[in-house]
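Okay, entry_9.txt is below, compact mmCIF, C-alpha atoms:
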```
# COMPACT_ATOMS: atom_id res chain seq x y z
CA MET A 17 -29.65 10.07 197.80
CA THR A 18 -29.10 12.35 194.85
CA THR A 19 -25.86 12.71 193.00
CA ILE A 20 -25.37 16.22 194.36
CA GLU A 21 -25.62 15.03 197.98
CA GLN A 22 -23.11 12.26 197.29
CA GLN A 23 -20.69 14.82 195.98
CA THR A 24 -20.97 16.95 199.11
CA LEU A 25 -20.45 13.89 201.31
CA ALA A 26 -17.36 12.87 199.36
CA ILE A 27 -14.03 14.16 200.61
CA SER A 28 -13.51 17.71 199.52
CA PRO A 29 -10.98 17.90 196.68
CA LYS A 30 -9.22 20.62 198.65
CA GLU A 31 -8.33 18.09 201.38
CA PHE A 32 -5.40 15.96 200.34
CA GLY A 33 -2.18 14.47 201.66
CA LEU A 34 -0.95 13.41 205.06
CA ALA A 35 -0.43 15.69 208.04
CA ILE A 36 1.90 14.55 210.83
CA ILE A 37 1.56 16.37 214.15
CA ASN A 38 4.58 16.33 216.44
CA SER A 39 3.60 17.08 220.03
CA LYS A 40 6.40 15.54 222.12
CA ALA A 41 9.80 16.82 223.22
CA PRO A 42 12.68 15.19 221.31
CA PHE A 43 14.78 13.16 223.75
CA SER A 44 12.57 11.52 226.39
CA SER A 45 10.50 9.31 224.08
CA ASN A 46 10.66 7.68 220.62
CA HIS A 47 7.69 9.65 219.29
CA GLY A 48 9.79 12.21 217.42
CA LYS A 49 11.92 9.54 215.73
CA ASP A 50 8.84 7.49 214.80
CA ALA A 51 7.15 10.54 213.26
CA LEU A 52 10.33 11.28 211.28
CA ASP A 53 10.46 7.68 209.96
CA VAL A 54 6.82 7.81 208.84
CA ALA A 55 7.37 11.18 207.14
CA LEU A 56 10.41 9.91 205.22
CA ILE A 57 8.66 6.66 204.20
CA PHE A 58 5.68 8.58 202.80
CA GLY A 59 8.12 10.99 201.17
CA SER A 60 10.01 8.13 199.47
CA PHE A 61 6.73 6.92 197.93
CA GLU A 62 6.10 10.44 196.64
CA GLN A 63 3.12 10.95 198.90
CA LYS A 64 2.35 14.50 199.97
CA VAL A 65 3.42 14.96 203.60
CA SER A 66 3.19 18.08 205.78
CA LEU A 67 4.70 18.36 209.26
CA PHE A 68 3.06 20.19 212.13
CA PHE A 69 4.84 21.07 215.38
CA GLN A 70 2.65 21.86 218.36
CA GLY A 71 3.05 21.92 222.15
CA ASP A 72 6.32 20.39 223.37
CA GLY A 73 6.86 19.19 219.78
CA VAL A 74 8.26 22.63 218.93
CA TYR A 75 11.38 21.72 220.93
CA GLN A 76 12.29 19.32 218.08
CA LEU A 77 13.04 22.31 215.84
CA ILE A 78 15.10 24.45 218.21
CA ALA A 79 18.67 25.15 217.08
CA ASN A 80 21.89 24.08 218.86
CA GLN A 81 20.56 20.88 220.44
CA ASP A 82 22.85 17.88 220.86
CA GLY A 83 21.30 14.50 221.68
CA ARG A 84 24.74 12.91 222.04
CA LEU A 85 25.06 14.59 225.45
CA VAL A 86 22.20 12.41 226.69
CA LEU A 87 23.43 9.36 224.75
CA ILE A 88 20.79 9.59 222.02
CA LYS A 89 21.55 9.28 218.32
CA ASP A 90 20.65 12.74 217.12
CA TYR A 91 17.78 12.08 214.69
CA LEU A 92 17.06 15.81 214.56
CA LYS A 93 19.98 16.24 212.13
CA THR A 94 18.01 14.11 209.62
CA PHE A 95 15.40 16.93 209.46
CA SER A 96 17.71 18.67 206.99
CA ALA A 97 16.94 15.84 204.50
CA PHE A 98 13.28 16.87 204.21
CA GLU A 99 13.88 18.79 200.98
CA PHE A 100 15.25 15.64 199.28
CA TYR A 101 11.99 13.86 200.16
CA ASP A 102 9.93 16.80 198.84
CA ILE A 103 8.64 17.57 202.32
CA GLU A 104 8.26 21.31 201.98
CA ASP A 105 5.36 22.22 204.23
CA ILE A 106 6.59 22.51 207.81
CA TYR A 107 4.36 24.42 210.18
CA VAL A 108 4.98 25.56 213.75
CA CYS A 109 2.39 26.81 216.21
CA GLN A 110 3.37 30.35 217.22
CA GLN A 111 1.49 30.19 220.53
CA SER A 112 3.47 27.08 221.55
CA LEU A 113 6.72 28.98 220.90
CA VAL A 114 5.55 32.04 222.85
CA ASN A 115 4.42 29.95 225.85
CA ARG A 116 7.88 28.34 226.01
CA GLN A 117 9.75 31.65 225.57
CA LEU A 118 11.37 30.30 222.40
CA ASN A 119 12.42 32.53 219.52
CA GLU A 120 11.97 31.56 215.89
CA THR A 121 15.50 30.19 215.45
CA PHE A 122 15.26 26.69 213.97
CA HIS A 123 17.87 24.17 212.86
CA ILE A 124 16.21 23.77 209.43
CA ASN A 125 15.14 26.38 206.88
CA ASP A 126 11.74 27.18 205.38
CA VAL A 127 9.77 26.61 208.57
CA GLN A 128 6.47 28.48 208.61
CA VAL A 129 5.34 29.91 211.94
CA LEU A 130 1.54 30.14 212.03
CA THR A 131 -0.94 31.57 214.52
CA SER A 132 -3.28 29.09 216.20
CA ILE A 133 -6.07 29.84 213.71
CA GLU A 134 -3.82 29.54 210.64
CA PHE A 135 -2.29 26.38 212.13
CA GLY A 136 -5.74 24.81 212.46
CA LYS A 137 -6.71 25.84 208.94
CA ALA A 138 -3.50 24.38 207.50
CA LEU A 139 -4.16 21.10 209.34
CA ASN A 140 -7.73 20.93 208.06
CA ARG A 141 -6.49 21.10 204.47
CA HIS A 142 -5.21 17.51 204.85
CA GLN A 143 -7.12 14.32 204.26
CA HIS A 144 -5.28 12.19 206.84
CA VAL A 145 -3.71 13.11 210.16
CA LEU A 146 -1.27 11.16 212.34
CA ARG A 147 -0.32 12.53 215.75
CA PHE A 148 2.86 11.62 217.58
CA MET B 20 13.09 16.41 257.39
CA SER B 21 14.27 17.31 253.93
CA THR B 22 13.19 15.90 250.57
CA LEU B 23 14.99 15.65 247.26
CA HIS B 24 12.64 16.33 244.33
CA LEU B 25 13.66 14.89 240.96
CA VAL B 26 11.60 16.66 238.29
CA ARG B 27 11.69 14.75 234.99
CA GLN B 28 8.66 16.01 233.03
CA SER B 29 7.87 19.19 231.15
CA ALA B 30 5.30 21.33 232.98
CA PHE B 31 3.98 22.37 229.56
CA THR B 32 2.68 18.80 229.08
CA THR B 33 2.02 17.38 232.56
CA ASN B 34 1.12 18.90 235.92
CA ASP B 35 3.85 16.99 237.79
CA PHE B 36 5.85 20.17 238.43
CA THR B 37 2.73 21.91 239.80
CA GLN B 38 2.20 19.02 242.20
CA CYS B 39 5.87 19.09 243.18
CA LEU B 40 5.70 22.80 244.02
CA SER B 41 2.55 22.27 246.06
CA VAL B 42 4.33 19.92 248.47
CA LEU B 43 7.71 21.64 248.40
CA ASP B 44 8.97 22.50 251.88
CA HIS B 45 11.80 24.52 253.38
CA GLN B 46 15.23 22.86 253.16
CA ASP B 47 14.06 20.79 250.18
CA THR B 48 16.15 20.46 247.03
CA VAL B 49 14.83 20.44 243.46
CA VAL B 50 16.74 18.79 240.62
CA LEU B 51 15.60 19.42 237.04
CA MET B 52 16.52 16.49 234.78
CA ASP B 53 15.49 15.12 231.37
CA ASP B 54 12.42 17.01 230.09
CA GLY B 55 12.16 18.70 233.50
CA CYS B 56 14.88 21.05 232.20
CA TYR B 57 12.23 22.74 230.04
CA ASN B 58 10.55 23.97 233.24
CA LEU B 59 13.24 26.62 233.52
CA LYS B 60 11.21 28.69 231.03
CA HIS B 61 7.82 27.90 232.57
CA PRO B 62 5.91 30.62 234.49
CA LEU B 63 5.86 28.26 237.52
CA MET B 64 9.64 28.68 237.70
CA ASP B 65 9.29 32.42 238.31
CA SER B 66 7.03 31.73 241.29
CA LEU B 67 9.49 29.15 242.61
CA LEU B 68 12.44 31.54 242.26
CA LYS B 69 10.48 34.17 244.24
CA ARG B 70 9.94 31.60 247.00
CA VAL B 71 13.61 30.72 247.16
CA ASP B 72 14.72 32.54 250.30
CA GLY B 73 18.04 30.75 250.48
CA THR B 74 16.51 27.57 251.90
CA ILE B 75 15.26 25.83 248.76
CA ASN B 76 18.07 24.75 246.50
CA ILE B 77 17.42 24.45 242.73
CA ASN B 78 19.73 22.40 240.53
CA ILE B 79 19.83 21.30 236.91
CA ILE B 80 21.72 18.43 235.25
CA SER B 81 24.21 20.26 233.06
CA SER B 82 24.32 17.79 230.16
CA HIS B 83 20.51 17.46 230.02
CA ALA B 84 20.08 21.23 229.69
CA GLN B 85 22.90 21.54 227.19
CA ALA B 86 21.49 18.72 225.00
CA ARG B 87 18.21 20.65 224.81
CA ALA B 88 19.92 23.99 224.04
CA ILE B 89 18.50 25.49 227.25
CA LYS B 90 20.23 28.57 228.64
CA THR B 91 20.27 28.55 232.43
CA MET B 92 20.43 31.34 234.99
CA ALA B 93 22.73 32.26 237.86
CA LYS B 94 20.35 31.15 240.63
CA ILE B 95 20.37 27.57 239.33
CA SER B 96 23.31 25.30 240.21
CA HIS B 97 24.73 23.07 237.50
CA ILE B 98 25.34 19.51 238.65
CA ASP B 99 25.98 16.05 237.14
CA MET B 100 24.57 12.60 237.95
CA ALA B 101 27.32 11.91 240.51
CA ASP B 102 26.11 14.97 242.43
CA VAL B 103 22.55 13.57 242.37
CA VAL B 104 23.81 10.42 244.06
CA ALA B 105 25.45 12.58 246.74
CA LEU B 106 22.19 14.56 247.15
CA THR B 107 20.19 11.37 247.77
CA PHE B 108 22.40 10.71 250.81
CA ASN B 109 22.00 14.29 252.11
CA HIS B 110 18.19 14.11 252.19
CA ASN B 111 15.79 11.99 254.21
CA LYS B 112 13.72 10.95 251.20
CA VAL B 113 13.49 11.27 247.44
CA ILE B 114 10.42 11.93 245.27
CA THR B 115 10.68 11.39 241.52
CA TRP B 116 8.13 13.42 239.57
CA GLN B 117 7.51 11.49 236.38
```
This structure in structure tokens:
Amino acid sequence: MTTIEQQTLAISPKEFGLAIINSKAPFSSNHGKDALDVALIFGSFEQKVSLFFQGDGVYQLIANQDGRLVLIKDYLKTFSAFEFYDIEDIYVCQQSLVNRQLNETFHINDVQVLTSIEFGKALNRHQHVLRF
Amino acid sequence: MSTLHLVRQSAFTTNDFTQCLSVLDHQDTVVLMDDGCYNLKHPLMDSLLKRVDGTININIISSHAQARAIKTMAKISHIDMADVVALTFNHNKVITWQ
């Protein structure tokens, strides 16, 4: 194997950081809370983390929710701490919003709504992916 | 013979709601609870509402919808868990879709 081939096999320098895909609705399982915990842990160790919301996961970002009504500690409020953990790249699948008749009103700022193609491209820029 | 259908899953993720609608009969009652509340905005709901000729009764658990910031419509009755208990006595059987 030549040096050049080894370089092409090595991970592309453009791919870096951790992508976390959220695909579950917020209150009926622990997946959303678990994903949040992992994101904040990686953030505390100054690792690059991006969040992706797809499918029923987009419900985690919708404004005016209140988990207390279904006796759940509202972990969604912690999303507003992302900026303190330097988690700045938050992507939402536009098609998932459209399918669910949701408008782009979120309970946190600086959320980027991407088309399916852009969403896939953004995901592929990351070296590691965890899906919840 | 009437059946009470408790729908607890989002139709955007599972096909439970599709299966529920396929066996739904006259005089049946549907209750949307937990993630089933999301089905209010699913295209399947439109087809169900068209079928409602006054015989099929559609309900939603008020607090579950409110927790999820879901706006409901006039054709859907708002109920609480105590009403669900009452409904189980008014129907011959109960199917939980989860």
List as JSON lines every residue of chain A that is in contact with chain B, defined as an atom at most 6 Å from one of its atoms (using only C-alpha atoms), together with the nearest atom pair and the distance in Å rounded to one decimal, sorted by chain and then rising number.
```
{"residue": "A:Asn80", "atom": "CA", "partner": "B:Ala88", "partner_atom": "CA", "distance": 5.5}
{"residue": "A:Gln81", "atom": "CA", "partner": "B:Ala88", "partner_atom": "CA", "distance": 4.8}
{"residue": "A:Asp82", "atom": "CA", "partner": "B:Ala86", "partner_atom": "CA", "distance": 4.4}
{"residue": "A:Gly83", "atom": "CA", "partner": "B:Ala86", "partner_atom": "CA", "distance": 5.4}
{"residue": "A:Leu85", "atom": "CA", "partner": "B:Ala86", "partner_atom": "CA", "distance": 5.5}
```
I'd like to know which of A:Tyr107, A:Leu130, A:Val114, A:Leu146 is closest to Phe69 in chain A, using only C-alpha atoms. A:Tyr107
So the first atom is CA of Ile88 in chain A and the second is CA of Asp99 in chain B; what is the distance between them in Å, to one decimal place? 17.2 Å
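By chain and then residue number, the residues within 6 Å of range 28-43 of chain A are Gly48, Lys64, Val65, Ser66, Leu67, Phe68, Phe69, Gln70, Gly71, Asp72, Gly73, Tyr75, Gln76, Arg141, His142, Gln143, His144, Val145, Leu146, Arg147 and Phe148 of chain A, counting all atoms listed in the file and disregarding those fewer than 4 positions away in sequence.
Remark: for Leu77 in chain A, the closest of the candidate residues A:Ile103, A:Ala51, A:Ile124, A:Leu113 is A:Ile124 (distances computed over all atoms listed in the file).
With all atoms listed in the file as the basis for measurement, B:Met52 is the residue among B:Met52, B:Leu68, B:Ile75, B:Asn111 that approaches Ile98 in chain B most closely.
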Near His24 in chain B, counting all atoms listed in the file, which residues have an atom at most 9 Å away, once you skip same-chain residues fewer than 4 positions from it, shown as a PyMOL selection string? chain B and resi 39+43+47-51+112-116
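For Glu99 in chain A, the set of protein, DNA and RNA residues having any atom at most 12 Å away, when counting all atoms listed in the file and skipping those fewer than 2 positions along the same chain, is A:Ala55, A:Leu56, A:Gly59, A:Ser60, A:Val65, A:Ser66, A:Thr94, A:Phe95, A:Ser96, A:Ala97, A:Tyr101, A:Asp102, A:Ile103, A:Glu104, A:Asp105, A:Ile106, A:Ile124, A:Asn125, A:Asp126, A:Val127.
Picture a line from CA of Cys109 in chain A to CA of Val129 in chain A; it runs 6.0 Å.
Relative to CA of Thr131 in chain A, CA of Gln117 in chain A is found at 15.4 Å.
With distances restricted to only C-alpha atoms, B:Cys56 is the closest residue to Ser44 in chain A from B:Thr74, B:Lys69, B:Lys90, B:Cys56.
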